[in-house]
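Student: Pasting entry-v5.cif here (mmCIF, C-alpha atoms and all ligand atoms):
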data_my_file
loop_
_atom_site.label_atom_id
_atom_site.label_comp_id
_atom_site.auth_asym_id
_atom_site.auth_seq_id
_atom_site.Cartn_x
_atom_site.Cartn_y
_atom_site.Cartn_z
CA MET A 196 0.00 0.00 0.00
CA LEU A 197 1.33 3.48 -0.94
CA VAL A 198 0.64 6.38 1.44
CA GLU A 199 1.77 9.91 2.22
CA ILE A 200 2.49 10.88 5.84
CA GLU A 201 0.39 13.87 6.88
CA ARG A 202 1.82 14.57 10.35
CA ILE A 203 3.30 12.96 13.45
CA LEU A 204 0.81 11.94 16.15
CA PRO A 205 1.05 11.33 19.91
CA GLY A 206 2.89 8.05 20.32
CA GLY A 207 5.32 9.18 17.60
CA VAL A 208 3.62 7.46 14.64
CA GLY A 209 2.93 9.11 11.28
CA LEU A 210 -0.69 9.58 10.17
CA ALA A 211 -1.85 8.57 6.69
CA HIS A 212 -5.17 7.77 4.98
CA ALA A 213 -5.90 5.36 2.14
CA ASP A 214 -8.87 3.29 0.94
CA GLY A 215 -11.10 4.85 3.64
CA LYS A 216 -8.74 3.64 6.35
CA THR A 217 -6.64 5.54 8.89
CA ILE A 218 -3.07 4.30 8.97
CA PHE A 219 -0.50 4.76 11.72
CA VAL A 220 3.00 4.36 10.31
CA SER A 221 5.90 3.89 12.71
CA LEU A 222 9.36 5.44 12.09
CA SER A 223 8.04 7.77 9.39
CA ALA A 224 8.40 11.50 8.70
CA THR A 225 5.88 14.15 7.63
CA GLY A 226 5.73 14.40 3.82
CA ASP A 227 7.22 10.92 3.27
CA ARG A 228 5.72 8.95 0.40
CA VAL A 229 6.15 5.36 1.52
CA ARG A 230 5.11 1.84 0.72
CA VAL A 231 3.93 0.33 3.99
CA SER A 232 3.41 -3.17 5.25
CA ILE A 233 0.44 -3.69 7.58
CA ASP A 234 1.39 -5.14 10.97
CA ARG A 235 -2.03 -5.09 12.63
CA GLU A 236 -5.62 -4.18 11.81
CA GLN A 237 -8.25 -2.90 14.23
CA GLY A 238 -11.51 -2.00 12.47
CA ASN A 239 -10.76 1.00 10.28
CA LEU A 240 -7.35 1.52 11.85
CA LEU A 241 -4.23 0.01 10.36
CA PHE A 242 -0.88 -0.15 12.16
CA ALA A 243 1.95 -0.24 9.63
CA SER A 244 5.71 -0.14 9.11
CA VAL A 245 7.68 1.51 6.31
CA ALA A 246 8.61 -1.14 3.73
CA GLU A 247 10.15 1.32 1.26
CA VAL A 248 10.64 5.09 1.15
CA ILE A 249 9.47 6.11 -2.33
CA ALA A 250 10.13 9.85 -1.80
CA PRO A 251 11.42 11.18 1.53
CA GLY A 252 9.66 14.13 3.17
CA PRO A 253 11.70 17.28 3.93
CA ASP A 254 12.19 16.24 7.60
CA ARG A 255 13.66 12.81 6.86
CA ILE A 256 17.36 12.07 7.50
CA GLU A 257 19.35 8.84 7.50
CA PRO A 258 19.19 7.41 11.07
CA PRO A 259 22.82 7.20 12.20
CA CYS A 260 22.45 4.32 14.68
CA PRO A 261 23.02 0.80 13.28
CA TYR A 262 20.38 -0.62 15.68
CA PHE A 263 17.67 1.86 14.57
CA GLY A 264 14.46 0.09 13.57
CA ARG A 265 15.26 -3.06 15.53
CA CYS A 266 16.05 -1.52 18.94
CA GLY A 267 12.92 -0.30 20.75
CA GLY A 268 14.78 2.61 22.34
CA CYS A 269 14.69 5.41 19.74
CA ASP A 270 11.82 6.08 17.32
CA PHE A 271 12.67 9.61 16.07
CA GLN A 272 16.17 9.18 14.57
CA GLN A 273 14.64 9.43 11.08
CA LEU A 274 13.72 13.09 11.80
CA THR A 275 15.95 16.18 11.75
CA TYR A 276 16.34 17.56 15.26
CA GLN A 277 14.23 20.63 14.40
CA ALA A 278 11.46 18.32 13.10
CA GLN A 279 11.61 16.33 16.36
CA LEU A 280 11.02 19.54 18.35
CA THR A 281 8.15 20.60 16.07
CA ALA A 282 6.55 17.14 16.31
CA LYS A 283 6.77 17.25 20.12
CA ALA A 284 5.07 20.67 20.28
CA ASP A 285 2.32 19.27 18.01
CA ILE A 286 1.98 16.17 20.24
CA ILE A 287 1.45 18.36 23.34
CA LYS A 288 -1.08 20.58 21.49
CA ASP A 289 -2.87 17.56 20.03
CA CYS A 290 -3.27 15.85 23.45
CA LEU A 291 -4.48 18.96 25.24
CA HIS A 292 -6.93 19.75 22.45
CA ARG A 293 -8.23 16.23 21.76
CA ILE A 294 -8.31 14.81 25.30
CA ALA A 295 -9.00 17.92 27.39
CA LYS A 296 -10.58 20.28 24.79
CA LEU A 297 -8.05 22.89 25.94
CA GLU A 298 -6.42 25.49 23.74
CA THR A 299 -2.73 25.92 24.53
CA PRO A 300 -1.12 29.32 25.01
CA ASP A 301 1.89 30.01 22.74
CA PHE A 302 4.74 27.76 23.75
CA GLY A 303 7.89 26.09 22.47
CA VAL A 304 9.96 23.00 23.23
CA VAL A 305 13.34 23.85 24.78
CA PRO A 306 15.99 21.82 22.92
CA SER A 307 18.40 19.53 24.72
CA PRO A 308 21.96 20.93 24.84
CA ASN A 309 23.02 17.59 23.36
CA ALA A 310 20.75 15.75 20.94
CA TRP A 311 23.01 12.67 21.30
CA HIS A 312 24.86 11.14 24.28
CA TYR A 313 22.53 12.84 26.76
CA ARG A 314 21.11 9.83 28.61
CA ALA A 315 22.46 9.60 32.18
CA ARG A 316 20.08 6.86 33.35
CA ALA A 317 19.03 3.66 31.62
CA THR A 318 17.60 0.19 32.12
CA TRP A 319 19.49 -2.52 30.24
CA GLN A 320 17.71 -5.80 29.50
CA LEU A 321 19.68 -9.05 29.74
CA ASP A 322 19.12 -12.41 28.10
CA PRO A 323 21.27 -14.92 30.03
CA GLU A 324 20.75 -17.68 27.43
CA GLN A 325 21.84 -15.62 24.45
CA GLN A 326 24.37 -13.69 26.60
CA THR A 327 22.94 -10.45 25.15
CA ILE A 328 22.49 -7.04 26.78
CA GLY A 329 20.75 -3.93 25.49
CA TYR A 330 17.16 -2.77 25.04
CA TYR A 331 14.01 -4.68 24.06
CA GLU A 332 13.48 -4.90 20.31
CA ARG A 333 10.58 -2.87 18.92
CA GLY A 334 7.26 -4.50 19.88
CA SER A 335 8.89 -7.52 21.46
CA ARG A 336 10.55 -8.83 24.62
CA ARG A 337 13.59 -10.04 22.69
CA VAL A 338 16.78 -8.30 23.74
CA CYS A 339 18.49 -6.26 21.03
CA ASP A 340 22.21 -6.76 21.73
CA VAL A 341 23.66 -3.23 21.82
CA ALA A 342 27.41 -2.66 21.94
CA ASP A 343 27.32 1.09 21.32
CA CYS A 344 24.34 3.26 22.27
CA ALA A 345 24.21 6.68 20.58
CA VAL A 346 22.13 8.34 23.31
CA LEU A 347 24.06 7.21 26.42
CA VAL A 348 26.41 9.71 28.09
CA PRO A 349 30.07 8.59 27.63
CA GLU A 350 30.32 7.45 31.28
CA LEU A 351 27.41 5.00 30.82
CA GLN A 352 28.70 3.84 27.41
CA LYS A 353 31.96 2.87 29.16
CA THR A 354 29.94 1.07 31.87
CA LEU A 355 27.97 -0.81 29.19
CA GLU A 356 31.24 -1.96 27.63
CA ARG A 357 32.59 -3.12 31.02
CA VAL A 358 29.35 -4.98 31.83
CA ARG A 359 29.43 -6.66 28.40
CA ASP A 360 32.95 -7.92 29.18
CA THR A 361 31.92 -9.32 32.59
CA GLN A 362 30.27 -12.66 33.36
CA ARG A 363 26.72 -11.79 34.49
CA PRO A 364 24.73 -13.88 36.99
CA ASP A 365 21.95 -15.82 35.18
CA GLN A 366 19.21 -14.56 37.51
CA VAL A 367 19.82 -10.91 36.57
CA LYS A 368 17.26 -10.02 33.86
CA HIS A 369 17.70 -6.25 33.87
CA LEU A 370 20.09 -3.65 35.21
CA ASP A 371 19.28 -0.09 36.27
CA VAL A 372 22.19 2.26 35.81
CA VAL A 373 22.68 5.96 36.55
CA THR A 374 25.53 8.45 36.63
CA GLY A 375 26.04 12.02 37.85
CA ASP A 376 29.02 14.37 37.98
CA SER A 377 31.21 11.30 38.36
CA GLY A 378 30.94 7.57 39.01
CA THR A 379 28.23 5.11 38.10
CA SER A 380 25.63 3.30 40.18
CA LEU A 381 24.25 -0.03 39.00
CA ALA A 382 21.47 -2.21 40.47
CA PRO A 383 21.29 -5.05 41.21
CA GLY A 384 25.01 -5.06 41.96
CA PHE A 385 27.30 -7.94 40.91
CA ALA A 386 31.00 -8.65 40.34
CA GLY A 387 32.27 -5.25 41.49
CA PHE A 388 29.37 -3.25 40.04
CA GLU A 389 27.44 -1.64 42.89
CA ALA A 390 24.42 0.47 43.69
CA SER A 391 26.92 2.99 45.03
CA GLU A 392 25.99 6.61 45.64
CA VAL A 393 26.60 9.20 42.93
CA THR A 394 26.26 12.98 43.19
CA LEU A 395 25.16 15.75 40.87
CA THR A 396 25.15 19.50 41.44
CA VAL A 397 22.41 21.48 39.69
CA GLN A 398 21.98 25.22 40.20
CA GLY A 399 24.07 25.14 43.36
CA GLU A 400 22.20 22.23 44.99
CA THR A 401 23.95 18.88 45.43
CA TYR A 402 21.94 15.69 45.07
CA ARG A 403 22.97 12.20 46.11
CA TYR A 404 21.15 9.19 44.69
CA ASN A 405 21.71 5.71 43.34
CA ALA A 406 20.31 3.37 40.69
CA GLU A 407 17.53 2.19 43.02
CA ALA A 408 15.84 5.62 43.06
CA PHE A 409 14.46 7.72 40.22
CA PHE A 410 16.63 10.48 38.80
CA GLN A 411 16.03 12.55 35.66
CA ILE A 412 17.54 11.12 32.46
CA ASN A 413 18.72 14.34 30.81
CA GLN A 414 20.84 16.14 33.38
CA GLN A 415 22.06 18.81 30.94
CA LEU A 416 18.56 20.26 30.63
CA LEU A 417 17.83 20.36 34.38
CA PRO A 418 18.83 24.02 35.00
CA GLU A 419 16.28 25.23 32.40
CA LEU A 420 13.62 22.83 33.69
CA LEU A 421 14.06 23.94 37.32
CA GLU A 422 14.16 27.60 36.34
CA TYR A 423 10.89 27.37 34.44
CA ALA A 424 9.10 25.15 36.97
CA LEU A 425 9.98 27.25 40.00
CA GLY A 426 10.35 30.74 38.47
CA GLN A 427 9.60 33.35 41.12
CA VAL A 428 7.44 31.15 43.37
CA GLY A 429 7.63 31.64 47.14
CA GLY A 430 5.40 31.90 50.20
CA GLU A 431 4.40 30.01 53.32
CA THR A 432 3.75 26.40 52.31
CA ALA A 433 4.48 24.18 49.33
CA LEU A 434 3.90 20.53 48.46
CA ASP A 435 6.32 18.54 46.30
CA LEU A 436 4.35 15.46 45.17
CA TYR A 437 6.17 12.45 43.65
CA SER A 438 9.36 14.06 44.94
CA GLY A 439 12.04 11.41 44.26
CA VAL A 440 15.38 12.28 45.87
CA GLY A 441 14.35 15.93 46.16
CA LEU A 442 15.24 17.57 42.83
CA PHE A 443 12.51 20.19 43.34
CA THR A 444 12.34 19.86 47.15
CA LEU A 445 15.68 21.54 47.86
CA PRO A 446 15.04 24.72 45.85
CA LEU A 447 11.45 24.81 47.16
CA ALA A 448 12.76 24.64 50.73
CA ARG A 449 14.74 27.83 50.09
CA ARG A 450 11.65 29.65 48.78
CA PHE A 451 8.92 28.53 51.19
CA LYS A 452 8.72 28.51 55.00
CA ARG A 453 7.44 24.93 55.09
CA VAL A 454 7.54 22.19 52.46
CA THR A 455 6.10 18.67 52.46
CA ALA A 456 7.60 16.19 50.00
CA VAL A 457 5.76 12.92 49.28
CA GLU A 458 7.32 9.93 47.53
CA SER A 459 6.54 6.20 47.72
CA ASN A 460 10.07 4.82 47.20
CA ALA A 461 11.76 4.56 50.62
CA ILE A 462 15.24 4.58 49.05
CA ALA A 463 14.44 7.88 47.33
CA THR A 464 13.06 9.47 50.52
CA ARG A 465 16.18 8.36 52.42
CA PHE A 466 18.29 10.21 49.85
CA ALA A 467 15.94 13.22 49.97
CA ARG A 468 16.39 13.51 53.75
CA LYS A 469 20.15 13.18 53.34
CA ASN A 470 20.23 15.80 50.56
CA LEU A 471 18.20 18.23 52.66
CA GLY A 472 20.39 17.55 55.71
CA ASN A 473 23.59 18.12 53.75
CA ALA A 474 22.14 21.42 52.49
CA GLY A 475 21.27 22.45 56.07
CA LEU A 476 17.55 22.66 55.21
CA GLU A 477 15.31 21.78 58.17
CA ASN A 478 11.92 23.09 57.02
CA VAL A 479 10.84 20.01 55.04
CA ASN A 480 8.72 17.06 56.09
CA VAL A 481 9.64 14.13 53.80
CA VAL A 482 6.86 11.52 53.76
CA THR A 483 7.27 7.96 52.45
CA ASP A 484 3.80 7.10 51.17
CA THR A 485 1.74 6.99 48.00
CA VAL A 486 0.51 10.48 47.19
CA ALA A 487 -3.09 9.20 46.92
CA ASP A 488 -3.07 7.73 50.46
CA TRP A 489 -1.26 10.68 51.97
CA ILE A 490 -3.27 13.50 50.40
CA ARG A 491 -6.62 12.08 51.54
CA SER A 492 -5.79 12.55 55.21
CA PHE A 493 -3.83 15.77 54.64
CA ALA A 494 -6.73 17.39 52.74
CA VAL A 495 -9.25 16.34 55.43
CA LYS A 496 -7.28 18.39 57.98
CA ASN A 497 -7.96 21.39 55.72
CA ARG A 498 -4.37 22.60 55.68
CA ARG A 499 -3.48 25.77 53.81
CA VAL A 500 -1.13 25.31 50.85
CA ASP A 501 0.18 28.07 48.56
CA PHE A 502 1.92 26.05 45.88
CA VAL A 503 1.71 22.44 44.69
CA LEU A 504 4.32 20.92 42.41
CA LEU A 505 3.51 17.47 41.09
CA ASP A 506 5.78 15.33 38.93
CA PRO A 507 4.11 11.93 38.61
CA PRO A 508 5.30 8.95 36.57
CA ARG A 509 3.88 8.37 33.05
CA ALA A 510 0.55 7.12 34.40
CA GLY A 511 -0.13 10.65 35.69
CA ALA A 512 -1.85 11.51 38.96
CA GLU A 513 -4.51 9.23 40.39
CA SER A 514 -8.08 10.68 40.59
CA ALA A 515 -7.75 10.84 44.39
CA VAL A 516 -4.64 13.02 44.00
CA ILE A 517 -6.38 15.50 41.69
CA LYS A 518 -9.35 15.59 44.07
CA GLY A 519 -7.01 16.15 47.04
CA ILE A 520 -5.27 19.03 45.27
CA LEU A 521 -8.62 20.64 44.38
CA ASP A 522 -9.76 20.28 48.02
CA LEU A 523 -6.60 22.05 49.19
CA ARG A 524 -7.31 25.04 46.88
CA PRO A 525 -3.67 26.15 46.39
CA ALA A 526 -3.13 29.49 44.64
CA GLN A 527 -0.77 27.93 42.10
CA ILE A 528 0.04 24.50 40.71
CA CYS A 529 3.04 23.44 38.66
CA TYR A 530 2.45 20.14 36.84
CA VAL A 531 5.63 18.49 35.51
CA SER A 532 4.71 15.64 33.17
CA CYS A 533 6.52 13.09 31.03
CA ASP A 534 3.34 11.99 29.19
CA PRO A 535 1.19 14.58 27.37
CA ALA A 536 -1.82 12.20 27.23
CA THR A 537 -2.13 11.63 31.00
CA LEU A 538 -1.22 15.29 31.54
CA ALA A 539 -4.20 16.31 29.36
CA ARG A 540 -6.51 13.93 31.25
CA ASP A 541 -5.45 15.48 34.58
CA LEU A 542 -5.50 19.10 33.33
CA LYS A 543 -9.08 18.62 32.20
CA LYS A 544 -10.06 17.85 35.81
CA LEU A 545 -7.98 20.70 37.26
CA VAL A 546 -9.49 23.21 34.83
CA ALA A 547 -13.01 21.89 35.56
CA GLY A 548 -12.14 22.37 39.25
CA GLY A 549 -11.47 26.09 38.81
CA PHE A 550 -7.85 26.39 37.63
CA ARG A 551 -6.69 28.02 34.41
CA ILE A 552 -3.52 27.39 32.44
CA GLU A 553 -1.24 30.39 32.89
CA SER A 554 1.66 29.11 30.76
CA LEU A 555 3.28 25.93 29.55
CA CYS A 556 6.56 24.84 28.04
CA GLY A 557 7.98 21.64 26.56
CA PHE A 558 11.47 20.36 27.38
CA ASP A 559 13.24 17.91 25.11
CA MET A 560 14.47 15.62 27.85
CA PHE A 561 14.43 12.61 25.50
CA PRO A 562 15.91 13.47 22.05
CA GLN A 563 15.64 10.79 19.32
CA THR A 564 12.41 9.51 20.90
CA HIS A 565 8.82 10.82 20.73
CA HIS A 566 8.79 11.40 24.49
CA VAL A 567 8.62 14.95 25.82
CA GLU A 568 8.52 16.63 29.21
CA THR A 569 5.86 19.33 29.69
CA VAL A 570 5.69 21.86 32.50
CA VAL A 571 2.36 23.64 33.07
CA HIS A 572 1.63 26.51 35.44
CA LEU A 573 -1.96 26.76 36.65
CA PHE A 574 -3.54 29.57 38.65
CA ARG A 575 -6.83 29.66 40.48
C1 LIG A 601 8.86 11.33 37.33
S1 LIG A 601 9.55 10.86 38.87
C2 LIG A 601 9.84 12.45 39.59
C3 LIG A 601 10.79 12.49 40.76
C4 LIG A 601 11.33 13.86 41.15
N1 LIG A 601 10.31 14.87 41.14
C5 LIG A 601 12.49 14.25 40.24
O1 LIG A 601 12.30 15.13 39.38
O2 LIG A 601 13.56 13.68 40.37
C6 LIG A 601 8.17 10.20 39.70
C7 LIG A 601 8.43 9.76 41.12
O3 LIG A 601 7.20 9.32 41.67
C8 LIG A 601 7.42 8.17 42.47
N2 LIG A 601 6.12 7.50 42.54
C9 LIG A 601 5.56 6.66 41.64
N3 LIG A 601 4.30 6.35 42.01
C10 LIG A 601 4.06 7.01 43.17
C11 LIG A 601 2.93 7.12 44.03
N4 LIG A 601 1.79 6.49 43.77
N5 LIG A 601 3.04 7.91 45.13
C12 LIG A 601 4.20 8.54 45.41
N6 LIG A 601 5.30 8.50 44.63
C13 LIG A 601 5.23 7.74 43.51
C14 LIG A 601 8.54 7.43 41.78
O4 LIG A 601 9.22 6.58 42.68
C15 LIG A 601 9.40 8.59 41.27
O5 LIG A 601 10.38 8.92 42.21
#
Show me, as structure tokens, the structure contained in the file I just sent.
Tutor:
Amino acid sequence: MLVEIERILPGGVGLAHADGKTIFVSLSATGDRVRVSIDREQGNLLFASVAEVIAPGPDRIEPPCPYFGRCGGCDFQQLTYQAQLTAKADIIKDCLHRIAKLETPDFGVVPSPNAWHYRARATWQLDPEQQTIGYYERGSRRVCDVADCAVLVPELQKTLERVRDTQRPDQVKHLDVVTGDSGTSLAPGFAGFEASEVTLTVQGETYRYNAEAFFQINQQLLPELLEYALGQVGGETALDLYSGVGLFTLPLARRFKRVTAVESNAIATRFARKNLGNAGLENVNVVTDTVADWIRSFAVKNRRVDFVLLDPPRAGAESAVIKGILDLRPAQICYVSCDPATLARDLKKLVAGGFRIESLCGFDMFPQTHHVETVVHLFR
């Protein structure tokens, strides 16, 4: 089947139409004329792959990585970097419009300082039988054996090479790995590789963490992200929900009299307390709990909150969390999201609950993939 790609959709696939059908084409570029092979059919929707590029669109480039297409890690290498940024802005707009019926104010996507070799955290999949290590292949649980990953920071590329040269225990099926200003932490540890502590200094704050706790993937873009998310905020009380090891908690503690940080991973909250202690900050209550469980009882006590920052995982905030935030009636909310679709779902409820979008901005935390970070400021 021959089709022309009209635009890139949320999920990163290209949209095309033919024979009364809607076709989603993976690894395509706007303006491409391609022959596609159909992978899956669902009513009037076809899911397809590019079999042959008949005429490339203006955004198409030759993907430089030899694993591209097979490895499930990157799905935007076929696009110029400018086209990736444009597609991500369109994805954010599309989600907010389609899912939440919200018009977006003017916004852009802040580029990553490095479009390659930016990734300071990764999960490597292992197949003990095949002795392979890398990422899952596209649409499968087979491990794509990767010797050289074009998006890893050099420190992690070196670690990947050392792990590849080391006998791995058969029971280890995946490895979490993270780096900072120096050193690497790897979990689960084996043969001299450890979940040791690493540190990173961002905008004057020093964070300690390891591979067992979440830390942001693209560390080069963190100053811009923090600057935009926190801007000029300040006041009496702030909440940092889904707070990890305290990336936002430390700067919030300098701007507000009292801060409560809530995070379910006990390893992350241990690091958060340590990071606050090392910074001499004593005005933060770090809670190890799910945000949904915690906010129910907090909201019942009718506490006053000026500012809520929430940075949930891809699934977004649970309904109980949105309800809890609305019950607290903060003056301002900052929603940091790594999934525009769940962000749109949650914004719809916040706007229905009396908030309006003041501003938003995209951050290209994940170049060469369709993923994008969005930060939204909401006022009541
Ligand atoms: C996207 S990360 C953000 C972490 C932190 N704000 C940062 O920027 O480093 C989401 C965090 O939410 C935590 N988390 C996931 N589900 C949670 C839940 N139901 N309640 C509380 N924390 C949760 C994860 O462990 C992770 O640390």
Student: Which residues are close to Val348 of chain A, i.e. within 6 Å by all atoms listed in the file, leaving aside same-chain residues fewer than 5 positions away? Reply as a list in words.
Tutor: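 So the residues in contact are His312, Tyr313, Arg314 and Ala315 of chain A.
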Student: Show me which residues sit within 7 Å of ligand LIG 601 (chain A) when counting only C-alpha atoms and all ligand atoms, and put them as JSON, numbers by chain.
Tutor: {"A": [408, 409, 410, 411, 436, 437, 438, 439, 440, 441, 442, 443, 457, 458, 459, 460, 463, 484, 485, 486, 487, 506, 507, 508, 533]}
Student: Find the residues around segment 243-254 of chain A up to 8 Å (all atoms listed in the file counted), leave out those fewer than 6 positions away in its own chain, and share them as a PyMOL selection string.
Tutor: chain A and resi 218-235+274-275+278
Student: Nearest residue to Ile490 of chain A out of A:Val516, A:Leu420, A:Val571, A:Ala547, using all atoms listed in the file?
Tutor: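 For Ile490 of chain A, the nearest of the candidates is A:Val516.
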Student: From the options A:Ile412, A:Val367, A:Leu555, A:Leu542, which residue's atoms come nearest to Leu351 of chain A, counting only C-alpha atoms?
Tutor: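 When distances to Leu351 of chain A are compared using only C-alpha atoms, the smallest one comes from A:Ile412.
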Student: Would you mind listing what lies within 6 Å of Val372 of chain A as a PyMOL selection string, with all atoms listed in the file counted and same-chain residues fewer than 3 positions away left out?
Tutor: chain A and resi 316-317+380-381+406
Student: Deliver the residues from the most recent selection as a file, using C-alpha atoms, as a short mmCIF file (atom, residue, chain, number, x, y, z; two decimals), keeping the file's coordinate frame.
Tutor:
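Once written, again_32.cif looks like this:
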data_model
loop_
_atom_site.label_atom_id
_atom_site.label_comp_id
_atom_site.auth_asym_id
_atom_site.auth_seq_id
_atom_site.Cartn_x
_atom_site.Cartn_y
_atom_site.Cartn_z
CA ARG A 316 20.08 6.86 33.35
CA ALA A 317 19.03 3.66 31.62
CA SER A 380 25.63 3.30 40.18
CA LEU A 381 24.25 -0.03 39.00
CA ALA A 406 20.31 3.37 40.69
#
Student: Here's a test: counting all atoms listed in the file, identify every protein, DNA and RNA residue with an atom at most 8 Å from (20.9, -12.1, 33.4) in the file's coordinate frame, and state them as a ChimeraX atom specification.
Tutor: /A:321-323,326,363-369
Student: Could you take the residues named above and write them with C-alpha atoms, as a PDB file, in the coordinates of the input?
Tutor:
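Here's the written file selection21.pdb:
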ATOM      1  CA  LEU A 321      19.680  -9.050  29.740  1.00  0.00           C
ATOM      2  CA  ASP A 322      19.120 -12.410  28.100  1.00  0.00           C
ATOM      3  CA  PRO A 323      21.270 -14.920  30.030  1.00  0.00           C
ATOM      4  CA  GLN A 326      24.370 -13.690  26.600  1.00  0.00           C
ATOM      5  CA  ARG A 363      26.720 -11.790  34.490  1.00  0.00           C
ATOM      6  CA  PRO A 364      24.730 -13.880  36.990  1.00  0.00           C
ATOM      7  CA  ASP A 365      21.950 -15.820  35.180  1.00  0.00           C
ATOM      8  CA  GLN A 366      19.210 -14.560  37.510  1.00  0.00           C
ATOM      9  CA  VAL A 367      19.820 -10.910  36.570  1.00  0.00           C
ATOM     10  CA  LYS A 368      17.260 -10.020  33.860  1.00  0.00           C
ATOM     11  CA  HIS A 369      17.700  -6.250  33.870  1.00  0.00           C
TER      12      HIS A 369
END
Student: Between atom CA of Gly426 of chain A and atom CA of Leu538 of chain A, what distance in Å does the model show, to one decimal?
Tutor: 20.5 Å
Student: For Leu417 of chain A, please output as number ranges by chain all residues within 10 Å (counting all atoms listed in the file; exclusion window: fewer than 5 positions along the same chain).
Tutor: A: 307, 397-398, 411-412, 422-423, 442, 558, 560
Student: I'd like the interatomic distance between atom CA of Pro261 of chain A and atom CA of Val338 of chain A, to a tenth of an Å.
Tutor: 15.2 Å
Student: Counting all atoms listed in the file, which residues come within 6 Å of (18.1, -4.4, 38.1), with the point read in the file's coordinates, and could you list them as JSON, numbers by chain?
Tutor: {"A": [369, 370, 371, 382, 383]}
Student: May I ask for the distance between atom CA of Pro308 of chain A and atom CA of Gln277 of chain A, given in Å to one decimal place?
Tutor: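 Going from atom CA of Pro308 of chain A over to atom CA of Gln277 of chain A, I get 13.0 Å.
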Student: My list of candidates is A:Arg337, A:Lys283, A:Arg403, A:Arg491. Which is closest to Asn473 of chain A when distances are computed with only C-alpha atoms?
Tutor: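 Among the listed residues, A:Arg403 lies closest to Asn473 of chain A.
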Student: Of the residues A:Gln320, A:Asn309, A:Thr569, A:Thr327, which is the one nearest to Pro535 of chain A, using only C-alpha atoms?
Tutor: A:Thr569
